[in-house]
>>> print(open('upload_33.txt').read())   # compact mmCIF, C-alpha atoms
# COMPACT_ATOMS: atom_id res chain seq x y z
CA MET A 19 16.47 -9.73 -34.30
CA LEU A 20 19.98 -9.60 -32.85
CA VAL A 21 20.52 -12.32 -30.26
CA HIS A 22 22.64 -11.02 -27.37
CA LYS A 23 24.77 -13.24 -25.17
CA VAL A 24 23.94 -12.66 -21.52
CA PRO A 25 24.85 -14.29 -18.22
CA VAL A 26 22.25 -16.54 -16.63
CA GLU A 27 21.71 -16.38 -12.89
CA ILE A 28 19.95 -19.18 -11.00
CA ARG A 29 18.17 -18.12 -7.81
CA PRO A 30 16.67 -20.86 -5.63
CA ASP A 31 13.12 -20.06 -4.55
CA ASP A 32 13.03 -19.31 -0.83
CA THR A 33 9.91 -17.12 -0.59
CA GLY A 34 6.59 -17.68 1.12
CA ARG A 35 3.60 -15.51 0.18
CA VAL A 36 1.29 -14.56 3.05
CA LYS A 37 -2.20 -13.15 2.43
CA ILE A 38 -2.51 -10.80 5.39
CA ASP A 39 -5.91 -9.26 4.61
CA ASP A 40 -8.77 -9.33 2.13
CA GLU A 41 -9.65 -5.63 1.97
CA CYS A 42 -9.06 -3.66 -1.22
CA GLY A 43 -10.11 -0.25 -2.50
CA LEU A 44 -9.99 -1.32 -6.15
CA ALA A 45 -12.13 -3.84 -8.04
CA CYS A 46 -9.93 -5.08 -10.88
CA VAL A 47 -11.81 -7.36 -13.26
CA PHE A 48 -8.86 -9.78 -13.55
CA CYS A 49 -8.17 -10.23 -9.80
CA HIS A 50 -7.59 -13.78 -8.55
CA ASN A 51 -7.51 -12.63 -4.89
CA GLU A 52 -4.91 -15.32 -4.08
CA GLY A 53 -7.52 -17.97 -4.90
CA THR A 54 -9.84 -17.07 -2.02
CA PRO A 55 -13.41 -15.72 -2.13
CA VAL A 56 -13.98 -12.03 -1.46
CA THR A 57 -14.68 -12.27 2.27
CA ALA A 58 -17.01 -9.26 2.52
CA ASP A 59 -19.26 -10.66 -0.23
CA ASN A 60 -19.41 -14.19 1.19
CA SER A 61 -19.53 -13.76 4.95
CA ASP A 62 -22.93 -15.49 5.22
CA ALA A 63 -22.29 -18.20 2.62
CA GLU A 64 -21.60 -21.84 3.43
CA PRO A 65 -18.32 -23.43 2.28
CA GLY A 66 -18.75 -24.56 -1.30
CA GLN A 67 -21.44 -21.92 -1.90
CA TYR A 68 -19.13 -18.97 -2.33
CA THR A 69 -19.83 -16.65 -5.26
CA GLY A 70 -17.19 -15.69 -7.78
CA THR A 71 -19.37 -12.99 -9.31
CA PRO A 72 -19.12 -9.39 -8.14
CA GLY A 73 -21.14 -8.70 -4.98
CA ARG A 74 -21.68 -5.43 -3.16
CA THR A 75 -17.94 -4.69 -3.18
CA GLY A 76 -17.71 -5.06 -6.96
CA ARG A 77 -14.66 -7.29 -6.54
CA VAL A 78 -14.07 -10.69 -8.12
CA SER A 79 -12.02 -13.84 -7.55
CA ILE A 80 -11.68 -15.17 -11.08
CA TYR A 81 -10.85 -18.82 -10.27
CA LEU A 82 -13.48 -19.31 -7.58
CA ALA A 83 -16.01 -21.11 -9.80
CA THR A 84 -13.68 -24.08 -10.22
CA ASN A 85 -10.91 -23.94 -7.61
CA GLY A 86 -12.78 -25.63 -4.76
CA ALA A 87 -12.11 -22.95 -2.12
CA ARG A 88 -13.51 -24.10 1.24
CA PHE A 89 -12.65 -21.18 3.52
CA LEU A 90 -12.78 -17.41 3.72
CA ALA A 91 -9.57 -15.51 4.39
CA ALA A 92 -9.35 -13.69 7.70
CA ARG A 93 -7.02 -10.83 8.61
CA ILE A 94 -3.70 -12.06 10.01
CA GLU A 95 -2.66 -10.34 13.23
CA PRO A 96 0.86 -10.12 14.69
CA GLY A 97 1.39 -12.35 17.69
CA PRO A 98 2.34 -15.85 18.89
CA GLU A 99 -0.02 -17.72 16.55
CA PHE A 100 1.42 -16.04 13.49
CA ALA A 101 4.94 -16.70 14.75
CA LEU A 102 4.15 -20.40 15.17
CA ALA A 103 2.68 -20.59 11.68
CA LEU A 104 5.77 -18.96 10.16
CA ALA A 105 8.05 -21.25 12.17
CA GLY A 106 6.11 -24.22 10.86
CA LEU A 107 6.49 -23.03 7.28
CA ARG A 108 10.22 -22.41 7.69
CA GLY A 109 10.65 -25.77 9.40
CA SER A 110 9.05 -27.66 6.51
CA ILE A 111 10.57 -25.85 3.51
CA ARG A 112 13.51 -23.46 3.27
CA THR A 113 12.06 -19.94 3.60
CA ARG A 114 14.14 -16.77 3.82
CA GLU A 115 11.68 -14.16 2.57
CA ILE A 116 8.04 -13.49 3.47
CA HIS A 117 6.07 -11.54 0.90
CA PHE A 118 2.79 -9.97 2.05
CA THR A 119 -0.18 -9.97 -0.30
CA GLY A 120 -3.93 -9.36 0.01
CA GLY A 121 -6.37 -7.90 -0.78
CA GLU A 122 -4.32 -4.77 -0.33
CA PRO A 123 -1.64 -5.13 2.37
CA THR A 124 -1.27 -1.40 3.03
CA LEU A 125 -4.88 -1.31 4.28
CA HIS A 126 -3.99 -3.66 7.14
CA PRO A 127 -4.28 -1.53 10.33
CA ARG A 128 -1.27 -3.23 11.97
CA LEU A 129 1.00 -3.63 8.97
CA PRO A 130 4.13 -2.11 10.61
CA ALA A 131 3.76 -4.51 13.55
CA LEU A 132 3.48 -7.46 11.15
CA VAL A 133 6.58 -6.29 9.28
CA ARG A 134 8.54 -5.94 12.51
CA GLN A 135 7.54 -9.38 13.76
CA VAL A 136 8.53 -11.08 10.53
CA HIS A 137 11.76 -9.09 10.27
CA ASP A 138 12.67 -9.90 13.87
CA MET A 139 12.23 -13.60 13.07
CA GLY A 140 15.07 -13.26 10.55
CA PHE A 141 13.07 -13.05 7.32
CA THR A 142 13.43 -10.51 4.54
CA VAL A 143 10.05 -8.77 4.16
CA GLY A 144 8.40 -7.56 0.96
CA LEU A 145 4.89 -6.80 -0.19
CA THR A 146 2.80 -6.31 -3.33
CA SER A 147 0.53 -3.26 -3.39
CA ASN A 148 -1.69 -1.24 -5.70
CA GLY A 149 -0.35 1.90 -4.02
CA GLU A 150 -3.64 3.22 -2.68
CA ASN A 151 -2.51 3.63 0.94
CA GLY A 152 1.25 3.32 0.97
CA ALA A 153 1.94 6.96 1.73
CA SER A 154 0.40 6.58 5.19
CA VAL A 155 2.28 3.44 6.25
CA LEU A 156 5.47 2.82 4.27
CA GLU A 157 7.71 5.10 6.29
CA GLU A 158 6.80 3.26 9.49
CA CYS A 159 7.08 -0.08 7.68
CA ALA A 160 10.57 0.83 6.49
CA ALA A 161 11.60 1.55 10.08
CA ALA A 162 10.16 -1.83 11.05
CA GLY A 163 12.24 -3.66 8.44
CA LEU A 164 10.34 -3.65 5.13
CA ASP A 165 12.82 -4.32 2.34
CA ARG A 166 10.82 -3.91 -0.88
CA VAL A 167 7.43 -3.10 -2.34
CA ASN A 168 6.19 -4.29 -5.73
CA LEU A 169 3.56 -1.90 -7.08
CA SER A 170 0.93 -3.01 -9.57
CA VAL A 171 0.45 -0.18 -12.07
CA PHE A 172 -2.74 -0.37 -14.15
CA GLY A 173 -2.43 2.91 -16.02
CA THR A 174 -1.00 6.40 -16.22
CA ASN A 175 -4.32 8.18 -16.56
CA ALA A 176 -7.83 7.90 -15.17
CA ALA A 177 -9.29 6.32 -18.31
CA GLU A 178 -6.76 3.48 -18.29
CA LEU A 179 -7.29 2.70 -14.62
CA ALA A 180 -11.07 2.99 -14.81
CA SER A 181 -11.19 0.65 -17.81
CA VAL A 182 -10.09 -2.35 -15.72
CA GLN A 183 -12.41 -1.69 -12.78
CA ALA A 184 -15.87 -3.00 -11.97
CA PRO A 185 -18.61 -0.53 -13.00
CA ARG A 186 -19.08 1.01 -9.56
CA PHE A 187 -15.35 1.80 -9.39
CA SER A 188 -14.92 3.01 -12.96
CA SER A 189 -15.41 6.75 -12.42
CA ALA A 190 -12.67 9.05 -13.65
CA ALA A 191 -12.73 11.03 -10.40
CA LEU A 192 -12.03 7.95 -8.28
CA ALA A 193 -9.34 6.78 -10.69
CA GLU A 194 -7.60 10.16 -10.44
CA LYS A 195 -7.55 9.84 -6.66
CA LYS A 196 -6.04 6.34 -6.88
CA LEU A 197 -3.35 7.50 -9.31
CA ALA A 198 -2.45 10.41 -7.03
CA ALA A 199 -2.23 7.96 -4.12
CA LEU A 200 0.09 5.73 -6.18
CA ALA A 201 2.40 8.67 -6.86
CA ARG A 202 2.51 9.50 -3.13
CA THR A 203 3.25 5.85 -2.33
CA ILE A 204 6.21 5.83 -4.72
CA GLU A 205 7.54 9.07 -3.26
CA THR A 206 7.18 7.79 0.31
CA GLY A 207 8.76 4.44 -0.46
CA LEU A 208 11.79 5.98 -2.14
CA ARG A 209 12.23 8.57 0.60
CA SER A 210 12.09 5.80 3.20
CA GLY A 211 14.82 3.74 1.54
CA ILE A 212 12.55 0.90 0.38
CA LYS A 213 13.29 -0.82 -2.94
CA VAL A 214 10.36 0.12 -5.19
CA SER A 215 9.39 -1.66 -8.40
CA ALA A 216 6.40 -1.20 -10.69
CA ASN A 217 4.78 -4.22 -12.36
CA LEU A 218 3.05 -3.51 -15.66
CA VAL A 219 1.08 -6.03 -17.73
CA VAL A 220 1.35 -5.31 -21.47
CA GLY A 221 -1.50 -7.11 -23.21
CA ASP A 222 -1.01 -6.24 -26.88
CA GLY A 223 0.29 -3.60 -29.27
CA THR A 224 -2.39 -1.09 -28.31
CA GLN A 225 -0.84 -0.88 -24.83
CA ILE A 226 2.67 -0.02 -26.01
CA PRO A 227 2.09 3.76 -25.67
CA ARG A 228 0.90 3.16 -22.10
CA ALA A 229 4.05 1.14 -21.34
CA LEU A 230 6.24 3.91 -22.73
CA ARG A 231 4.40 6.54 -20.69
CA ILE A 232 4.91 4.52 -17.51
CA ILE A 233 8.62 4.20 -18.24
CA GLU A 234 8.75 7.96 -18.75
CA GLN A 235 6.66 8.75 -15.68
CA TYR A 236 8.05 6.24 -13.17
CA GLY A 237 11.15 4.66 -14.71
CA ARG A 238 13.60 7.27 -13.46
CA ASP A 239 12.79 6.48 -9.86
CA VAL A 240 11.62 2.86 -9.74
CA THR A 241 12.43 -0.38 -11.50
CA VAL A 242 9.74 -1.16 -14.09
CA ARG A 243 8.92 -4.80 -14.85
CA PHE A 244 6.91 -5.75 -17.93
CA LEU A 245 4.63 -8.74 -17.35
CA LEU A 246 2.97 -11.02 -19.89
CA ASN A 247 -0.80 -11.08 -20.16
CA LEU A 248 -1.43 -14.83 -20.13
CA GLU A 249 -4.79 -14.40 -21.84
CA THR A 250 -3.15 -12.81 -24.89
CA GLU A 251 0.25 -14.45 -24.58
CA GLU A 252 1.64 -14.15 -28.12
CA GLN A 253 0.35 -10.61 -28.68
CA SER A 254 1.62 -9.68 -25.23
CA ARG A 255 5.06 -11.11 -25.93
CA GLU A 256 5.31 -9.24 -29.24
CA ALA A 257 4.18 -6.00 -27.61
CA ILE A 258 6.82 -6.25 -24.89
CA LEU A 259 9.54 -6.94 -27.45
CA GLU A 260 8.42 -3.95 -29.51
CA THR A 261 8.42 -1.78 -26.39
CA LEU A 262 11.95 -2.89 -25.52
CA ALA A 263 13.09 -2.24 -29.10
CA THR A 264 11.58 1.25 -29.01
CA LEU A 265 13.50 1.92 -25.81
CA ASP A 266 16.75 0.57 -27.34
CA ALA A 267 16.93 -1.79 -24.36
CA VAL A 268 19.87 -4.20 -24.24
CA PRO A 269 19.64 -7.46 -22.25
CA VAL A 270 22.33 -7.80 -19.58
CA ARG A 271 21.23 -10.74 -17.40
CA HIS A 272 18.68 -13.53 -17.45
CA ILE A 273 17.40 -14.60 -14.01
CA ILE A 274 15.62 -17.89 -13.36
CA THR A 275 14.01 -18.67 -10.01
CA ALA A 276 14.56 -22.38 -9.56
CA GLY A 277 11.52 -24.11 -8.15
CA THR A 278 8.87 -21.75 -9.53
CA SER A 279 7.61 -20.59 -12.90
CA ASP A 280 9.25 -17.17 -12.55
CA GLU A 281 12.02 -16.01 -14.88
CA ARG A 282 12.96 -12.56 -16.08
CA THR A 283 15.50 -10.70 -18.19
CA ARG A 284 17.14 -7.51 -17.03
CA TYR A 285 17.64 -4.82 -19.68
CA ARG A 286 19.71 -1.65 -19.65
CA LEU A 287 18.43 1.49 -21.35
CA PRO A 288 20.76 3.94 -23.11
CA ASP A 289 20.55 6.38 -20.18
CA GLY A 290 21.60 3.66 -17.72
CA ARG A 291 18.15 2.87 -16.32
CA THR A 292 17.06 -0.72 -15.79
CA VAL A 293 13.85 -2.47 -16.86
CA TYR A 294 12.85 -6.11 -16.57
CA ALA A 295 10.72 -8.34 -18.77
CA LYS A 296 9.15 -11.26 -16.98
CA ASN A 297 8.32 -14.62 -18.50
CA ILE A 298 6.53 -17.73 -17.26
CA ARG A 299 8.20 -21.13 -17.42
CA PRO A 300 5.89 -24.19 -17.70
CA VAL A 301 6.82 -25.54 -14.25
CA ARG A 302 4.81 -28.27 -12.52
CA LEU A 303 5.21 -30.13 -9.23
CA PRO A 304 6.01 -33.72 -10.22
CA ASP A 305 3.41 -35.46 -8.01
CA THR A 306 0.82 -32.85 -7.04
CA CYS A 307 0.31 -31.64 -10.60
CA ALA A 308 0.55 -35.00 -12.34
CA GLY A 309 -3.12 -36.01 -12.14
CA CYS A 310 -4.66 -32.54 -11.89
CA ARG A 311 -7.44 -31.75 -14.37
CA PHE A 312 -6.00 -28.26 -14.83
CA ASN A 313 -2.60 -29.62 -15.84
CA ASN A 314 -2.64 -28.32 -19.40
CA PRO A 315 -1.45 -25.10 -21.08
CA ARG A 316 -4.97 -23.69 -21.36
CA ASP A 317 -6.11 -24.06 -17.74
CA CYS A 318 -2.77 -23.70 -15.97
CA GLN A 319 -0.74 -21.06 -17.73
CA GLU A 320 1.25 -19.86 -14.71
CA GLY A 321 2.27 -23.29 -13.42
CA PHE A 322 3.70 -23.70 -9.92
CA TYR A 323 4.39 -20.27 -8.46
CA GLY A 324 5.32 -21.12 -4.90
CA VAL A 325 3.81 -21.58 -1.46
CA ARG A 326 1.07 -19.40 0.05
CA MET A 327 -0.13 -18.97 3.62
CA TYR A 328 -3.63 -17.90 4.69
CA ARG A 329 -5.60 -17.54 7.91
CA ALA A 330 -8.99 -19.21 7.61
CA LYS A 331 -11.84 -17.19 9.10
CA GLY A 332 -12.72 -18.88 12.39
CA GLY A 333 -10.09 -21.52 11.73
CA PRO A 334 -6.39 -22.32 11.45
CA TYR A 335 -3.53 -21.00 9.39
CA MET A 336 -3.51 -22.74 6.02
CA ILE A 337 -0.86 -23.56 3.42
CA GLY A 338 -1.58 -23.88 -0.30
CA VAL A 339 0.51 -24.47 -3.39
CA CYS A 340 -1.95 -23.54 -6.16
CA ILE A 341 -4.66 -20.88 -6.51
CA ARG A 342 -6.41 -23.06 -9.09
CA ARG A 343 -6.62 -25.89 -6.54
CA MET A 344 -7.66 -24.33 -3.27
CA ASP A 345 -9.20 -27.67 -2.29
CA ILE A 346 -5.69 -28.93 -1.51
CA CYS A 347 -4.96 -26.16 1.03
CA VAL A 348 -4.33 -27.74 4.44
CA PRO A 349 -3.63 -26.48 7.98
CA VAL A 350 0.00 -25.59 8.67
CA GLY A 351 0.46 -28.51 11.06
CA GLU A 352 -0.73 -30.96 8.42
CA PHE A 353 1.44 -29.37 5.73
CA VAL A 354 4.56 -29.59 7.91
CA MET A 355 4.15 -33.36 8.19
CA SER A 356 3.02 -33.91 4.61
CA GLN A 357 4.61 -35.46 1.58
CA ARG A 358 3.70 -32.29 -0.30
CA ALA A 359 6.08 -30.20 1.83
CA ARG A 360 8.86 -32.67 1.09
CA GLU A 361 7.90 -32.63 -2.60
CA VAL A 362 8.16 -28.83 -2.78
CA GLN A 363 11.60 -28.73 -1.14
CA ALA A 364 12.92 -31.63 -3.21
CA PHE A 365 11.63 -29.96 -6.37
CA ARG A 366 13.33 -26.67 -5.47
CA ASP A 367 16.64 -28.47 -4.83
CA ALA A 368 16.42 -30.57 -8.01
CA GLU A 369 15.58 -27.52 -10.15
CA THR A 370 18.50 -25.58 -8.69
CA THR A 371 20.92 -28.40 -9.44
CA ARG A 372 19.57 -29.03 -12.94
CA LEU A 373 19.46 -25.38 -14.02
CA THR A 374 22.86 -24.59 -12.54
CA ALA A 375 24.37 -27.46 -14.52
CA LEU A 376 22.48 -26.46 -17.68
CA HIS A 377 23.81 -22.90 -17.49
CA ALA A 378 27.27 -23.76 -16.23
CA HIS A 379 28.77 -21.23 -18.68
CA PRO A 380 26.39 -18.30 -18.28
CA ALA A 381 28.49 -15.83 -20.22
CA THR A 382 27.72 -17.69 -23.46
CA ALA A 383 24.00 -18.15 -22.92
CA PRO A 384 21.74 -16.43 -25.48
CA ALA A 385 19.03 -14.07 -24.30
CA PRO A 386 15.59 -15.64 -24.79
CA ALA A 387 13.60 -14.62 -27.84
CA GLY A 388 10.76 -13.39 -25.62
CA PRO A 389 10.48 -11.59 -22.29
>>> encode(input="upload_33.txt", output="structure tokens")
Amino acid sequence: MLVHKVPVEIRPDDTGRVKIDDECGLACVFCHNEGTPVTADNSDAEPGQYTGTPGRTGRVSIYLATNGARFLAARIEPGPEFALALAGLRGSIRTREIHFTGGEPTLHPRLPALVRQVHDMGFTVGLTSNGENGASVLEECAAAGLDRVNLSVFGTNAAELASVQAPRFSSAALAEKKLAALARTIETGLRSGIKVSANLVVGDGTQIPRALRIIEQYGRDVTVRFLLNLETEEQSREAILETLATLDAVPVRHIITAGTSDERTRYRLPDGRTVYAKNIRPVRLPDTCAGCRFNNPRDCQEGFYGVRMYRAKGGPYMIGVCIRRMDICVPVGEFVMSQRAREVQAFRDAETTRLTALHAHPATAPAPAGP
């Protein structure tokens, strides 16, 4: 394979993820639900007795059996308490962007008000969505200050979408409705001036045709990002490379987010369109991860992916740094004063300095062999 020389860009991590709700109209069999139990299925359970198996909603939280989660996630509402929690986060570690997650953020009944509050506090605002309700809220969210939406695309036809859903959600008719909703979300987002990207996991060679169809269907309007399937890592990597080769994609820039496991390569297609291939770096916090029983390539494939905020049902706002270790989530006030907050910021700064020095001559850096 031809090795291209591409510039390397180092971007310091300055994002905080905020789980604003736990509702979702899909039931994907691989969902980690930001590490938290499915609230609707565990509302009567005691802490430590939460179930990770599908309940009446059909949804799952795949790490729940071992991650030590001790609280249910409540809906976050705009207002003074949320503002204080965000101020605490920004005061403890450098945070310039807030990224809403769920559940499904577009199902939050006060999403535009949340966007406006966060935007008015000086943050850039983004969100990750499955696209099921975006058409009804994205225009108002754009007016409130929403900058970008990352859409998770699980298929181009009903069979593909239904195949990754729990049995009660696997009907072709329902899948068709969800795909139509996704198309309307993309249209609304683009019309409203929001940056729209589509995230697509490519598991192995059998999914290459699906990836090519998604590029054809959505790639003219949105930025498509190929993601590794960590369960089938080598096959996934090979499939992404074959997809890129089929598209005659040429790498133009490699982007590393210093302080998290995220890195990606930007490719240009012959017609000028852009696609990205995302990779995972084996990044660990030096102290927090050192003695963790999951600190091995099998149990912790994603590594450190950044800081997350939650609202505990009937309790305080919480900060966590790992969805495999929900037992180390702590209230915001405790996190602000903790050594862990200082560790995260110091790690971000050290990574930025180290990687910047390592790639001091980016124009001569080779593109990675994988995505």
>>> atom_distance(input="upload_33.txt", atom1="CA of Leu259 in chain A", atom2="CA of Leu218 in chain A")
13.9 Å
>>> residues_around(input="upload_33.txt", residues="range 336-353 of chain A", least_positions_apart="2", cutoff="8 Å", atoms="all atoms listed in the file", output="number ranges by chain")
A: 50, 52-54, 81, 84-88, 103, 106-107, 110, 312, 318, 322-330, 334, 355-356, 358-359
>>> residues_near_point(input="upload_33.txt", point="(6.1, -6.5, 0.0)", cutoff="10 Å", atoms="all atoms listed in the file", output="PyMOL selection string")
chain A and resi 35-36+115-119+123-124+133+142-147+164-169+212-214
>>> closest_residue(input="upload_33.txt", among="A:Pro288, A:Gly223, A:Gly120, A:Pro127", to="Glu95 in chain A", atoms="all atoms listed in the file")
A:Pro127
>>> atom_distance(input="upload_33.txt", atom1="CA of Ala58 in chain A", atom2="CA of Lys37 in chain A")
15.3 Å
>>> residues_near_point(input="upload_33.txt", point="(-12.0, 4.4, -19.5)", cutoff="12 Å", atoms="all atoms listed in the file", output="short mmCIF file (atom, residue, chain, number, x, y, z; two decimals) with C-alpha atoms, in the coordinates of the input")
data_model
loop_
_atom_site.label_atom_id
_atom_site.label_comp_id
_atom_site.auth_asym_id
_atom_site.auth_seq_id
_atom_site.Cartn_x
_atom_site.Cartn_y
_atom_site.Cartn_z
CA PHE A 172 -2.74 -0.37 -14.15
CA GLY A 173 -2.43 2.91 -16.02
CA THR A 174 -1.00 6.40 -16.22
CA ASN A 175 -4.32 8.18 -16.56
CA ALA A 176 -7.83 7.90 -15.17
CA ALA A 177 -9.29 6.32 -18.31
CA GLU A 178 -6.76 3.48 -18.29
CA LEU A 179 -7.29 2.70 -14.62
CA ALA A 180 -11.07 2.99 -14.81
CA SER A 181 -11.19 0.65 -17.81
CA VAL A 182 -10.09 -2.35 -15.72
CA GLN A 183 -12.41 -1.69 -12.78
CA ALA A 184 -15.87 -3.00 -11.97
CA PRO A 185 -18.61 -0.53 -13.00
CA PHE A 187 -15.35 1.80 -9.39
CA SER A 188 -14.92 3.01 -12.96
CA SER A 189 -15.41 6.75 -12.42
CA ALA A 190 -12.67 9.05 -13.65
CA ALA A 191 -12.73 11.03 -10.40
CA LEU A 192 -12.03 7.95 -8.28
CA ALA A 193 -9.34 6.78 -10.69
CA GLU A 194 -7.60 10.16 -10.44
#
>>> residues_around(input="upload_33.txt", residues="range 68-78 of chain A", least_positions_apart="6", cutoff="6 Å", atoms="all atoms listed in the file", output="number ranges by chain")
A: 45, 59-60, 184
>>> write_last_selection(input="upload_33.txt", atoms="C-alpha atoms", output="CSV table (one decimal), keeping the file's coordinate frame")
chain,number,residue,atom,x,y,z
A,45,ALA,CA,-12.1,-3.8,-8.0
A,59,ASP,CA,-19.3,-10.7,-0.2
A,60,ASN,CA,-19.4,-14.2,1.2
A,184,ALA,CA,-15.9,-3.0,-12.0
>>> atom_distance(input="upload_33.txt", atom1="CA of Ala368 in chain A", atom2="CA of Pro25 in chain A")
21.0 Å
>>> residues_around(input="upload_33.txt", residues="Met139 in chain A", least_positions_apart="4", cutoff="9 Å", atoms="all atoms listed in the file", output="ChimeraX atom specification")
/A:101,104-105,134-135
>>> closest_atom_pairs(input="upload_33.txt", of="range 179-222 of chain A", to="range 150-161 of chain A", cutoff="7 Å", atoms="only C-alpha atoms", output="tab-separated table")
residue	atom	partner	partner_atom	distance
A:Lys196	CA	A:Glu150	CA	5.8
A:Ala199	CA	A:Glu150	CA	5.2
A:Leu200	CA	A:Glu150	CA	5.7
A:Arg202	CA	A:Ala153	CA	5.5
A:Thr203	CA	A:Ala153	CA	4.4
A:Thr206	CA	A:Ala153	CA	5.5
A:Gly207	CA	A:Leu156	CA	6.0
A:Ser210	CA	A:Glu157	CA	5.4
A:Ile212	CA	A:Ala160	CA	6.4
>>> residues_around(input="upload_33.txt", residues="Val240 in chain A", least_positions_apart="2", cutoff="8 Å", atoms="only C-alpha atoms", output="PyMOL selection string")
chain A and resi 204+213-216+236-238+242
>>> decode(input="upload_33.txt", residues="range 309-358 of chain A", atoms="C-alpha atoms", output="mmCIF file, in the first residue's frame")
data_model
loop_
_atom_site.group_PDB
_atom_site.id
_atom_site.type_symbol
_atom_site.label_atom_id
_atom_site.label_comp_id
_atom_site.auth_asym_id
_atom_site.auth_seq_id
_atom_site.Cartn_x
_atom_site.Cartn_y
_atom_site.Cartn_z
ATOM 1 C CA GLY A 309 -4.245 -0.255 39.333
ATOM 2 C CA CYS A 310 -7.564 -0.818 37.563
ATOM 3 C CA ARG A 311 -8.530 -4.440 36.898
ATOM 4 C CA PHE A 312 -9.806 -3.441 33.460
ATOM 5 C CA ASN A 313 -6.458 -1.932 32.468
ATOM 6 C CA ASN A 314 -5.671 -4.383 29.683
ATOM 7 C CA PRO A 315 -6.334 -4.444 25.921
ATOM 8 C CA ARG A 316 -9.174 -6.958 26.259
ATOM 9 C CA ASP A 317 -11.296 -5.199 28.895
ATOM 10 C CA CYS A 318 -10.444 -1.577 28.105
ATOM 11 C CA GLN A 319 -10.202 -1.172 24.363
ATOM 12 C CA GLU A 320 -11.274 2.474 24.185
ATOM 13 C CA GLY A 321 -9.005 3.779 26.947
ATOM 14 C CA PHE A 322 -9.561 7.223 28.441
ATOM 15 C CA TYR A 323 -12.139 9.077 26.359
ATOM 16 C CA GLY A 324 -12.717 12.181 28.435
ATOM 17 C CA VAL A 325 -14.902 13.553 31.201
ATOM 18 C CA ARG A 326 -18.646 12.931 31.550
ATOM 19 C CA MET A 327 -21.315 14.693 33.596
ATOM 20 C CA TYR A 328 -24.551 13.136 34.869
ATOM 21 C CA ARG A 329 -27.442 14.102 37.121
ATOM 22 C CA ALA A 330 -28.151 11.371 39.661
ATOM 23 C CA LYS A 331 -31.844 10.652 40.169
ATOM 24 C CA GLY A 332 -32.777 12.233 43.492
ATOM 25 C CA GLY A 333 -29.187 13.326 43.973
ATOM 26 C CA PRO A 334 -26.384 15.620 42.823
ATOM 27 C CA TYR A 335 -24.643 16.260 39.548
ATOM 28 C CA MET A 336 -21.883 13.705 39.084
ATOM 29 C CA ILE A 337 -18.578 13.601 37.202
ATOM 30 C CA GLY A 338 -17.026 10.420 35.831
ATOM 31 C CA VAL A 339 -13.966 9.605 33.766
ATOM 32 C CA CYS A 340 -14.705 6.009 32.705
ATOM 33 C CA ILE A 341 -17.873 4.131 31.722
ATOM 34 C CA ARG A 342 -16.210 0.865 32.758
ATOM 35 C CA ARG A 343 -15.649 2.272 36.257
ATOM 36 C CA MET A 344 -18.841 4.039 37.247
ATOM 37 C CA ASP A 345 -17.961 3.354 40.881
ATOM 38 C CA ILE A 346 -15.463 6.224 40.707
ATOM 39 C CA CYS A 347 -18.082 8.813 39.662
ATOM 40 C CA VAL A 348 -18.275 11.533 42.322
ATOM 41 C CA PRO A 349 -20.384 14.661 42.921
ATOM 42 C CA VAL A 350 -19.211 17.759 41.050
ATOM 43 C CA GLY A 351 -18.123 19.510 44.249
ATOM 44 C CA GLU A 352 -15.935 16.560 45.205
ATOM 45 C CA PHE A 353 -14.468 16.295 41.703
ATOM 46 C CA VAL A 354 -13.553 19.995 41.648
ATOM 47 C CA MET A 355 -11.407 19.555 44.750
ATOM 48 C CA SER A 356 -9.998 16.164 43.799
ATOM 49 C CA GLN A 357 -6.623 14.956 42.694
ATOM 50 C CA ARG A 358 -8.377 13.281 39.767
#
